[in-house]
Amino acid sequence: MQTDFRIKRILGGYTKLEAQSEFYRRIMSGNYQYDVELREPMSIDKYKEIYKGITIGLLPCYEDMYSICKSDLRALEYASMGIVGLTNGGCYSDTPALKCEYNEFRKKIKRLIYEKSFFLEQSERMIEW
């Protein structure tokens, strides 16, 4: 069964002026490949609320200008909250996030869900980082 889907990048902390800029839109959307949703800047407490209930966080890195300019901050945020990060590399290569190829994401997610000891081991690695 083939499933059609679109990737949406959700980006926070951008001002309306930046969001309206054609330059930012082109970079953030991967040259218009992805839909983009922008969130207004928010308090740190409200920001932490976004992560409540998340145990596995995806850290995909695409080969486009936006991804090339990214840092590993998202992995650090995940680690600070005990969220297991799952990545295909890029800017997250030097983090303790679980590494896999694009076509292995689903397999690794299932393993994290169904093998509690594996999940706990990965979570500890993230927290220790």
# chains A, B, ... in the order shown; residues from 1 in each chain; ligands from 1
call {"tool": "residues_around", "arguments": {"residues": "Ile68 of chain A", "least_positions_apart": "6", "cutoff": "8 Å", "atoms": "only C-alpha atoms", "output": "compact mmCIF listing (two decimals) with N, CA and C atoms, in the first residue's frame"}}
result
# COMPACT_ATOMS: atom_id res chain seq x y z
N TYR A 62 17.81 16.95 5.86
CA TYR A 62 17.69 16.89 4.41
C TYR A 62 18.89 17.56 3.76
N GLY A 90 23.64 14.28 9.32
CA GLY A 90 23.73 15.72 9.09
C GLY A 90 24.27 16.43 10.32
N CYS A 91 23.60 17.51 10.72
CA CYS A 91 24.06 18.29 11.88
C CYS A 91 23.91 17.52 13.19
call {"tool": "residues_around", "arguments": {"residues": "Ile127 of chain A", "least_positions_apart": "2", "cutoff": "8 Å", "atoms": "only C-alpha atoms", "output": "JSON, numbers by chain"}}
result
{"A": [79, 80, 81, 82, 123, 124, 125, 129]}
call {"tool": "write_last_selection", "arguments": {"atoms": "C-alpha atoms", "output": "PDB file, in the first residue's frame"}}
result
ATOM      1  CA  ALA A  79      18.258  15.078  25.563  1.00  0.00           C
ATOM      2  CA  SER A  80      17.398  17.538  28.344  1.00  0.00           C
ATOM      3  CA  MET A  81      13.896  16.050  28.500  1.00  0.00           C
ATOM      4  CA  GLY A  82      14.816  12.376  28.120  1.00  0.00           C
ATOM      5  CA  SER A 123      17.159   7.457  26.621  1.00  0.00           C
ATOM      6  CA  GLU A 124      20.035   7.173  29.127  1.00  0.00           C
ATOM      7  CA  ARG A 125      22.545   7.957  26.365  1.00  0.00           C
ATOM      8  CA  TRP A 129      24.990  13.795  26.892  1.00  0.00           C
TER       9      TRP A 129
END
call {"tool": "residues_around", "arguments": {"residues": "Lys48 of chain A", "least_positions_apart": "3", "cutoff": "12 Å", "atoms": "only C-alpha atoms", "output": "list in words"}}
result
Met42, Ser43, Ile44, Asp45, Tyr51, Lys52, Gly53, Ile54, Glu77, Tyr78, Ser80 and Met81 of chain A
call {"tool": "atom_distance", "arguments": {"atom1": "atom CA of Leu76 of chain A", "atom2": "atom CA of Tyr114 of chain A"}}
result
24.5 Å
call {"tool": "residues_around", "arguments": {"residues": "segment 119-121 of chain A", "least_positions_apart": "2", "cutoff": "12 Å", "atoms": "only C-alpha atoms", "output": "compact mmCIF listing (two decimals) with all heavy atoms, in the first residue's frame"}}
result
# COMPACT_ATOMS: atom_id res chain seq x y z
N THR A 55 8.14 10.90 23.58
CA THR A 55 9.20 10.00 24.05
C THR A 55 10.23 9.74 22.95
O THR A 55 11.37 9.44 23.25
CB THR A 55 8.62 8.65 24.52
OG1 THR A 55 7.83 8.09 23.49
CG2 THR A 55 7.78 8.84 25.77
N ILE A 56 9.81 9.85 21.70
CA ILE A 56 10.71 9.64 20.56
C ILE A 56 10.60 10.86 19.66
O ILE A 56 9.51 11.24 19.23
CB ILE A 56 10.32 8.37 19.76
CG1 ILE A 56 10.37 7.13 20.65
CG2 ILE A 56 11.23 8.21 18.55
CD1 ILE A 56 9.76 5.90 20.01
N GLY A 82 14.86 13.84 28.16
CA GLY A 82 14.82 12.38 28.12
C GLY A 82 14.16 11.80 26.88
O GLY A 82 13.78 10.64 26.85
N ILE A 83 14.02 12.62 25.85
CA ILE A 83 13.41 12.17 24.59
C ILE A 83 14.50 11.50 23.75
O ILE A 83 15.57 12.05 23.58
CB ILE A 83 12.79 13.36 23.83
CG1 ILE A 83 11.67 14.00 24.66
CG2 ILE A 83 12.29 12.93 22.46
CD1 ILE A 83 11.17 15.32 24.11
N VAL A 84 14.20 10.33 23.24
CA VAL A 84 15.16 9.63 22.38
C VAL A 84 15.10 10.23 20.99
O VAL A 84 14.05 10.25 20.36
CB VAL A 84 14.86 8.11 22.31
CG1 VAL A 84 15.78 7.43 21.32
CG2 VAL A 84 15.00 7.48 23.68
N GLY A 85 16.23 10.72 20.53
CA GLY A 85 16.31 11.29 19.19
C GLY A 85 16.67 10.23 18.16
O GLY A 85 17.44 9.32 18.45
N LEU A 86 16.09 10.34 16.99
CA LEU A 86 16.33 9.40 15.90
C LEU A 86 16.69 10.22 14.66
O LEU A 86 15.92 11.09 14.26
CB LEU A 86 15.07 8.57 15.65
CG LEU A 86 15.12 7.44 14.65
CD1 LEU A 86 16.15 6.41 15.06
CD2 LEU A 86 13.74 6.80 14.55
N PRO A 96 24.26 11.90 20.53
CA PRO A 96 23.96 10.51 20.86
C PRO A 96 22.63 10.02 20.29
O PRO A 96 22.20 8.91 20.59
CB PRO A 96 23.93 10.50 22.39
CG PRO A 96 23.52 11.88 22.75
CD PRO A 96 24.11 12.77 21.70
N ALA A 97 21.99 10.82 19.45
CA ALA A 97 20.74 10.38 18.82
C ALA A 97 20.99 9.09 18.05
O ALA A 97 22.06 8.90 17.47
CB ALA A 97 20.21 11.46 17.88
N LEU A 98 20.02 8.22 18.05
CA LEU A 98 20.12 6.94 17.36
C LEU A 98 20.21 7.19 15.86
O LEU A 98 19.39 7.91 15.29
CB LEU A 98 18.88 6.10 17.69
CG LEU A 98 18.83 4.67 17.21
CD1 LEU A 98 20.00 3.87 17.76
CD2 LEU A 98 17.51 4.04 17.64
N LYS A 108 13.33 1.41 13.25
CA LYS A 108 13.93 1.86 14.52
C LYS A 108 12.86 2.36 15.48
O LYS A 108 12.94 2.11 16.69
CB LYS A 108 14.96 2.96 14.28
CG LYS A 108 16.16 2.51 13.50
CD LYS A 108 17.10 1.67 14.34
CE LYS A 108 18.35 1.38 13.51
NZ LYS A 108 19.33 0.61 14.19
N ILE A 109 11.85 3.05 14.97
CA ILE A 109 10.77 3.53 15.83
C ILE A 109 10.05 2.35 16.46
O ILE A 109 9.77 2.34 17.66
CB ILE A 109 9.78 4.43 15.05
CG1 ILE A 109 10.47 5.74 14.68
CG2 ILE A 109 8.52 4.68 15.86
CD1 ILE A 109 9.69 6.59 13.70
N LYS A 110 9.73 1.34 15.65
CA LYS A 110 9.07 0.14 16.19
C LYS A 110 9.91 -0.51 17.27
O LYS A 110 9.40 -0.94 18.30
CB LYS A 110 8.77 -0.86 15.06
CG LYS A 110 7.61 -0.47 14.20
CD LYS A 110 7.35 -1.53 13.15
CE LYS A 110 6.17 -1.14 12.29
NZ LYS A 110 5.89 -2.15 11.27
N ARG A 111 11.22 -0.61 17.03
CA ARG A 111 12.10 -1.23 18.03
C ARG A 111 12.08 -0.43 19.33
O ARG A 111 12.04 -1.00 20.43
CB ARG A 111 13.52 -1.35 17.48
CG ARG A 111 14.41 -2.10 18.43
CD ARG A 111 15.75 -2.44 17.82
NE ARG A 111 16.53 -3.16 18.82
CZ ARG A 111 17.84 -3.18 18.86
NH1 ARG A 111 18.54 -2.58 17.91
NH2 ARG A 111 18.47 -3.82 19.81
N LEU A 112 12.12 0.90 19.23
CA LEU A 112 12.08 1.74 20.43
C LEU A 112 10.75 1.57 21.18
O LEU A 112 10.72 1.61 22.41
CB LEU A 112 12.28 3.22 20.05
CG LEU A 112 13.69 3.61 19.65
CD1 LEU A 112 13.70 4.97 18.97
CD2 LEU A 112 14.63 3.59 20.85
N ILE A 113 9.68 1.38 20.45
CA ILE A 113 8.36 1.22 21.07
C ILE A 113 8.21 -0.15 21.73
O ILE A 113 7.74 -0.26 22.86
CB ILE A 113 7.23 1.43 20.04
CG1 ILE A 113 7.20 2.90 19.61
CG2 ILE A 113 5.88 0.98 20.59
CD1 ILE A 113 6.31 3.18 18.42
N TYR A 114 8.64 -1.21 21.05
CA TYR A 114 8.38 -2.57 21.52
C TYR A 114 9.48 -3.19 22.38
O TYR A 114 9.23 -4.17 23.06
CB TYR A 114 8.06 -3.48 20.34
CG TYR A 114 6.78 -3.08 19.65
CD1 TYR A 114 6.78 -2.61 18.34
CD2 TYR A 114 5.57 -3.14 20.31
CE1 TYR A 114 5.61 -2.23 17.71
CE2 TYR A 114 4.39 -2.76 19.69
CZ TYR A 114 4.42 -2.30 18.39
OH TYR A 114 3.26 -1.93 17.78
N GLU A 115 10.68 -2.62 22.36
CA GLU A 115 11.77 -3.15 23.19
C GLU A 115 12.12 -2.12 24.25
O GLU A 115 12.96 -1.24 24.05
CB GLU A 115 13.00 -3.48 22.33
CG GLU A 115 12.78 -4.61 21.37
CD GLU A 115 14.04 -4.91 20.56
OE1 GLU A 115 15.17 -4.78 21.10
OE2 GLU A 115 13.88 -5.27 19.39
N LYS A 116 11.49 -2.28 25.42
CA LYS A 116 11.66 -1.30 26.49
C LYS A 116 13.12 -1.13 26.90
O LYS A 116 13.57 -0.01 27.13
CB LYS A 116 10.82 -1.70 27.70
CG LYS A 116 10.79 -0.65 28.77
CD LYS A 116 9.83 -0.97 29.87
CE LYS A 116 9.81 0.19 30.86
NZ LYS A 116 8.80 0.01 31.88
N SER A 117 13.88 -2.21 26.99
CA SER A 117 15.28 -2.11 27.41
C SER A 117 16.10 -1.30 26.38
O SER A 117 16.97 -0.51 26.76
CB SER A 117 15.91 -3.48 27.62
OG SER A 117 15.90 -4.23 26.43
N SER A 123 17.56 6.30 25.83
CA SER A 123 17.16 7.46 26.62
C SER A 123 18.28 7.86 27.58
O SER A 123 18.59 9.05 27.72
CB SER A 123 15.88 7.14 27.40
OG SER A 123 15.45 8.26 28.13
N GLU A 124 18.91 6.90 28.22
CA GLU A 124 20.04 7.17 29.13
C GLU A 124 21.19 7.84 28.38
O GLU A 124 21.81 8.77 28.89
CB GLU A 124 20.52 5.89 29.80
CG GLU A 124 19.67 5.46 30.96
CD GLU A 124 20.21 4.21 31.63
OE1 GLU A 124 21.45 3.99 31.63
OE2 GLU A 124 19.39 3.45 32.16
N ARG A 125 21.48 7.36 27.17
CA ARG A 125 22.55 7.96 26.36
C ARG A 125 22.25 9.42 26.08
O ARG A 125 23.14 10.27 26.14
CB ARG A 125 22.71 7.21 25.03
CG ARG A 125 23.37 5.87 25.16
CD ARG A 125 23.56 5.17 23.82
NE ARG A 125 24.36 5.98 22.90
CZ ARG A 125 24.01 6.25 21.64
NH1 ARG A 125 22.92 5.75 21.12
NH2 ARG A 125 24.78 6.99 20.87
N MET A 126 20.99 9.73 25.77
CA MET A 126 20.62 11.11 25.47
C MET A 126 20.76 11.98 26.73
O MET A 126 21.32 13.07 26.67
CB MET A 126 19.18 11.18 24.95
CG MET A 126 18.95 10.59 23.58
SD MET A 126 19.75 11.48 22.21
CE MET A 126 18.75 12.95 22.09
N ILE A 127 20.27 11.49 27.86
CA ILE A 127 20.30 12.27 29.10
C ILE A 127 21.74 12.52 29.55
O ILE A 127 22.08 13.63 29.98
CB ILE A 127 19.50 11.56 30.21
CG1 ILE A 127 18.00 11.58 29.85
CG2 ILE A 127 19.73 12.22 31.56
CD1 ILE A 127 17.15 10.69 30.72
N GLU A 128 22.60 11.52 29.44
CA GLU A 128 24.00 11.67 29.87
C GLU A 128 24.74 12.69 29.03
O GLU A 128 25.67 13.33 29.50
CB GLU A 128 24.73 10.32 29.79
CG GLU A 128 24.34 9.37 30.88
CD GLU A 128 24.98 7.99 30.72
OE1 GLU A 128 25.88 7.83 29.85
OE2 GLU A 128 24.57 7.09 31.44
call {"tool": "closest_residue", "arguments": {"among": "A:Glu40, A:Thr95, A:Tyr32, A:Lys46", "to": "Asp72 of chain A", "atoms": "only C-alpha atoms"}}
result
A:Thr95
call {"tool": "select_by_dssp", "arguments": {"residues": "segment 54-129 of chain A", "states": "alpha helix (DSSP H)", "output": "count of residues only"}}
result
35
call {"tool": "decode", "arguments": {"residues": "segment 96-112 of chain A", "atoms": "all heavy atoms", "output": "PDB file, in the first residue's frame"}}
result
ATOM      1  N   PRO A  96      24.258  11.905  20.533  1.00  0.00           N
ATOM      2  CA  PRO A  96      23.959  10.511  20.857  1.00  0.00           C
ATOM      3  C   PRO A  96      22.630  10.016  20.285  1.00  0.00           C
ATOM      4  O   PRO A  96      22.199   8.908  20.587  1.00  0.00           O
ATOM      5  CB  PRO A  96      23.932  10.504  22.390  1.00  0.00           C
ATOM      6  CG  PRO A  96      23.524  11.875  22.750  1.00  0.00           C
ATOM      7  CD  PRO A  96      24.114  12.771  21.699  1.00  0.00           C
ATOM      8  N   ALA A  97      21.990  10.822  19.447  1.00  0.00           N
ATOM      9  CA  ALA A  97      20.739  10.379  18.820  1.00  0.00           C
ATOM     10  C   ALA A  97      20.994   9.090  18.047  1.00  0.00           C
ATOM     11  O   ALA A  97      22.064   8.897  17.473  1.00  0.00           O
ATOM     12  CB  ALA A  97      20.209  11.456  17.875  1.00  0.00           C
ATOM     13  N   LEU A  98      20.023   8.217  18.055  1.00  0.00           N
ATOM     14  CA  LEU A  98      20.116   6.935  17.361  1.00  0.00           C
ATOM     15  C   LEU A  98      20.210   7.192  15.861  1.00  0.00           C
ATOM     16  O   LEU A  98      19.390   7.906  15.290  1.00  0.00           O
ATOM     17  CB  LEU A  98      18.882   6.100  17.691  1.00  0.00           C
ATOM     18  CG  LEU A  98      18.830   4.668  17.211  1.00  0.00           C
ATOM     19  CD1 LEU A  98      20.003   3.870  17.762  1.00  0.00           C
ATOM     20  CD2 LEU A  98      17.508   4.043  17.635  1.00  0.00           C
ATOM     21  N   LYS A  99      21.228   6.635  15.224  1.00  0.00           N
ATOM     22  CA  LYS A  99      21.465   6.882  13.794  1.00  0.00           C
ATOM     23  C   LYS A  99      20.803   5.808  12.937  1.00  0.00           C
ATOM     24  O   LYS A  99      20.783   4.636  13.299  1.00  0.00           O
ATOM     25  CB  LYS A  99      22.965   6.882  13.477  1.00  0.00           C
ATOM     26  CG  LYS A  99      23.851   7.709  14.382  1.00  0.00           C
ATOM     27  CD  LYS A  99      23.554   9.180  14.357  1.00  0.00           C
ATOM     28  CE  LYS A  99      24.551  10.016  15.134  1.00  0.00           C
ATOM     29  NZ  LYS A  99      24.532   9.874  16.572  1.00  0.00           N
ATOM     30  N   CYS A 100      20.283   6.217  11.795  1.00  0.00           N
ATOM     31  CA  CYS A 100      19.715   5.273  10.834  1.00  0.00           C
ATOM     32  C   CYS A 100      19.579   5.957   9.479  1.00  0.00           C
ATOM     33  O   CYS A 100      19.654   7.171   9.380  1.00  0.00           O
ATOM     34  CB  CYS A 100      18.365   4.744  11.305  1.00  0.00           C
ATOM     35  SG  CYS A 100      17.048   5.958  11.379  1.00  0.00           S
ATOM     36  N   GLU A 101      19.373   5.165   8.453  1.00  0.00           N
ATOM     37  CA  GLU A 101      19.119   5.689   7.115  1.00  0.00           C
ATOM     38  C   GLU A 101      17.633   6.051   7.013  1.00  0.00           C
ATOM     39  O   GLU A 101      16.817   5.583   7.802  1.00  0.00           O
ATOM     40  CB  GLU A 101      19.470   4.635   6.057  1.00  0.00           C
ATOM     41  CG  GLU A 101      20.932   4.236   6.044  1.00  0.00           C
ATOM     42  CD  GLU A 101      21.858   5.378   5.673  1.00  0.00           C
ATOM     43  OE1 GLU A 101      21.497   6.197   4.806  1.00  0.00           O
ATOM     44  OE2 GLU A 101      22.945   5.462   6.276  1.00  0.00           O
ATOM     45  N   TYR A 102      17.279   6.881   6.021  1.00  0.00           N
ATOM     46  CA  TYR A 102      15.875   7.266   5.840  1.00  0.00           C
ATOM     47  C   TYR A 102      14.948   6.061   5.845  1.00  0.00           C
ATOM     48  O   TYR A 102      13.915   6.055   6.498  1.00  0.00           O
ATOM     49  CB  TYR A 102      15.672   8.013   4.517  1.00  0.00           C
ATOM     50  CG  TYR A 102      16.022   9.468   4.549  1.00  0.00           C
ATOM     51  CD1 TYR A 102      16.939   9.980   3.654  1.00  0.00           C
ATOM     52  CD2 TYR A 102      15.428  10.332   5.457  1.00  0.00           C
ATOM     53  CE1 TYR A 102      17.263  11.337   3.662  1.00  0.00           C
ATOM     54  CE2 TYR A 102      15.749  11.676   5.479  1.00  0.00           C
ATOM     55  CZ  TYR A 102      16.662  12.168   4.577  1.00  0.00           C
ATOM     56  OH  TYR A 102      16.971  13.486   4.589  1.00  0.00           O
ATOM     57  N   ASN A 103      15.319   5.026   5.101  1.00  0.00           N
ATOM     58  CA  ASN A 103      14.431   3.869   4.963  1.00  0.00           C
ATOM     59  C   ASN A 103      14.389   2.993   6.219  1.00  0.00           C
ATOM     60  O   ASN A 103      13.659   2.017   6.255  1.00  0.00           O
ATOM     61  CB  ASN A 103      14.830   3.031   3.743  1.00  0.00           C
ATOM     62  CG  ASN A 103      16.260   2.508   3.823  1.00  0.00           C
ATOM     63  OD1 ASN A 103      17.019   2.886   4.707  1.00  0.00           O
ATOM     64  ND2 ASN A 103      16.624   1.659   2.887  1.00  0.00           N
ATOM     65  N   GLU A 104      15.152   3.335   7.259  1.00  0.00           N
ATOM     66  CA  GLU A 104      15.143   2.569   8.501  1.00  0.00           C
ATOM     67  C   GLU A 104      14.376   3.251   9.637  1.00  0.00           C
ATOM     68  O   GLU A 104      14.232   2.674  10.709  1.00  0.00           O
ATOM     69  CB  GLU A 104      16.587   2.345   8.986  1.00  0.00           C
ATOM     70  CG  GLU A 104      17.428   1.492   8.075  1.00  0.00           C
ATOM     71  CD  GLU A 104      18.854   1.382   8.595  1.00  0.00           C
ATOM     72  OE1 GLU A 104      19.385   2.389   9.109  1.00  0.00           O
ATOM     73  OE2 GLU A 104      19.423   0.297   8.490  1.00  0.00           O
ATOM     74  N   PHE A 105      13.886   4.478   9.429  1.00  0.00           N
ATOM     75  CA  PHE A 105      13.200   5.205  10.492  1.00  0.00           C
ATOM     76  C   PHE A 105      12.069   4.375  11.099  1.00  0.00           C
ATOM     77  O   PHE A 105      11.978   4.233  12.313  1.00  0.00           O
ATOM     78  CB  PHE A 105      12.654   6.543   9.987  1.00  0.00           C
ATOM     79  CG  PHE A 105      13.603   7.698  10.169  1.00  0.00           C
ATOM     80  CD1 PHE A 105      14.662   7.891   9.299  1.00  0.00           C
ATOM     81  CD2 PHE A 105      13.434   8.596  11.193  1.00  0.00           C
ATOM     82  CE1 PHE A 105      15.539   8.947   9.446  1.00  0.00           C
ATOM     83  CE2 PHE A 105      14.304   9.666  11.364  1.00  0.00           C
ATOM     84  CZ  PHE A 105      15.354   9.840  10.484  1.00  0.00           C
ATOM     85  N   ARG A 106      11.191   3.835  10.267  1.00  0.00           N
ATOM     86  CA  ARG A 106      10.036   3.080  10.756  1.00  0.00           C
ATOM     87  C   ARG A 106      10.474   1.871  11.590  1.00  0.00           C
ATOM     88  O   ARG A 106       9.937   1.608  12.660  1.00  0.00           O
ATOM     89  CB  ARG A 106       9.165   2.631   9.588  1.00  0.00           C
ATOM     90  CG  ARG A 106       7.938   1.846  10.041  1.00  0.00           C
ATOM     91  CD  ARG A 106       7.018   1.531   8.902  1.00  0.00           C
ATOM     92  NE  ARG A 106       6.300   2.753   8.589  1.00  0.00           N
ATOM     93  CZ  ARG A 106       5.864   3.092   7.385  1.00  0.00           C
ATOM     94  NH1 ARG A 106       6.075   2.297   6.373  1.00  0.00           N
ATOM     95  NH2 ARG A 106       5.214   4.195   7.186  1.00  0.00           N
ATOM     96  N   LYS A 107      11.476   1.149  11.109  1.00  0.00           N
ATOM     97  CA  LYS A 107      11.987  -0.041  11.805  1.00  0.00           C
ATOM     98  C   LYS A 107      12.554   0.335  13.176  1.00  0.00           C
ATOM     99  O   LYS A 107      12.276  -0.332  14.181  1.00  0.00           O
ATOM    100  CB  LYS A 107      13.068  -0.696  10.941  1.00  0.00           C
ATOM    101  CG  LYS A 107      13.655  -1.951  11.499  1.00  0.00           C
ATOM    102  CD  LYS A 107      14.701  -2.489  10.527  1.00  0.00           C
ATOM    103  CE  LYS A 107      15.455  -3.663  11.101  1.00  0.00           C
ATOM    104  NZ  LYS A 107      16.501  -4.127  10.184  1.00  0.00           N
ATOM    105  N   LYS A 108      13.334   1.414  13.248  1.00  0.00           N
ATOM    106  CA  LYS A 108      13.926   1.857  14.515  1.00  0.00           C
ATOM    107  C   LYS A 108      12.858   2.357  15.483  1.00  0.00           C
ATOM    108  O   LYS A 108      12.939   2.108  16.686  1.00  0.00           O
ATOM    109  CB  LYS A 108      14.963   2.957  14.281  1.00  0.00           C
ATOM    110  CG  LYS A 108      16.163   2.512  13.502  1.00  0.00           C
ATOM    111  CD  LYS A 108      17.101   1.669  14.335  1.00  0.00           C
ATOM    112  CE  LYS A 108      18.349   1.382  13.510  1.00  0.00           C
ATOM    113  NZ  LYS A 108      19.334   0.611  14.194  1.00  0.00           N
ATOM    114  N   ILE A 109      11.854   3.050  14.970  1.00  0.00           N
ATOM    115  CA  ILE A 109      10.769   3.527  15.834  1.00  0.00           C
ATOM    116  C   ILE A 109      10.047   2.347  16.456  1.00  0.00           C
ATOM    117  O   ILE A 109       9.770   2.338  17.658  1.00  0.00           O
ATOM    118  CB  ILE A 109       9.783   4.428  15.048  1.00  0.00           C
ATOM    119  CG1 ILE A 109      10.465   5.745  14.677  1.00  0.00           C
ATOM    120  CG2 ILE A 109       8.519   4.683  15.859  1.00  0.00           C
ATOM    121  CD1 ILE A 109       9.694   6.591  13.702  1.00  0.00           C
ATOM    122  N   LYS A 110       9.734   1.341  15.654  1.00  0.00           N
ATOM    123  CA  LYS A 110       9.067   0.141  16.188  1.00  0.00           C
ATOM    124  C   LYS A 110       9.910  -0.515  17.265  1.00  0.00           C
ATOM    125  O   LYS A 110       9.397  -0.942  18.301  1.00  0.00           O
ATOM    126  CB  LYS A 110       8.773  -0.856  15.061  1.00  0.00           C
ATOM    127  CG  LYS A 110       7.609  -0.467  14.203  1.00  0.00           C
ATOM    128  CD  LYS A 110       7.352  -1.528  13.149  1.00  0.00           C
ATOM    129  CE  LYS A 110       6.174  -1.144  12.294  1.00  0.00           C
ATOM    130  NZ  LYS A 110       5.886  -2.152  11.267  1.00  0.00           N
ATOM    131  N   ARG A 111      11.218  -0.612  17.034  1.00  0.00           N
ATOM    132  CA  ARG A 111      12.098  -1.230  18.031  1.00  0.00           C
ATOM    133  C   ARG A 111      12.082  -0.429  19.335  1.00  0.00           C
ATOM    134  O   ARG A 111      12.036  -0.998  20.426  1.00  0.00           O
ATOM    135  CB  ARG A 111      13.519  -1.346  17.481  1.00  0.00           C
ATOM    136  CG  ARG A 111      14.410  -2.101  18.428  1.00  0.00           C
ATOM    137  CD  ARG A 111      15.745  -2.437  17.822  1.00  0.00           C
ATOM    138  NE  ARG A 111      16.531  -3.158  18.822  1.00  0.00           N
ATOM    139  CZ  ARG A 111      17.840  -3.182  18.860  1.00  0.00           C
ATOM    140  NH1 ARG A 111      18.541  -2.579  17.911  1.00  0.00           N
ATOM    141  NH2 ARG A 111      18.474  -3.816  19.814  1.00  0.00           N
ATOM    142  N   LEU A 112      12.122   0.897  19.231  1.00  0.00           N
ATOM    143  CA  LEU A 112      12.076   1.742  20.426  1.00  0.00           C
ATOM    144  C   LEU A 112      10.753   1.573  21.183  1.00  0.00           C
ATOM    145  O   LEU A 112      10.721   1.611  22.406  1.00  0.00           O
ATOM    146  CB  LEU A 112      12.281   3.215  20.055  1.00  0.00           C
ATOM    147  CG  LEU A 112      13.695   3.606  19.647  1.00  0.00           C
ATOM    148  CD1 LEU A 112      13.697   4.971  18.973  1.00  0.00           C
ATOM    149  CD2 LEU A 112      14.632   3.590  20.851  1.00  0.00           C
TER     150      LEU A 112
END
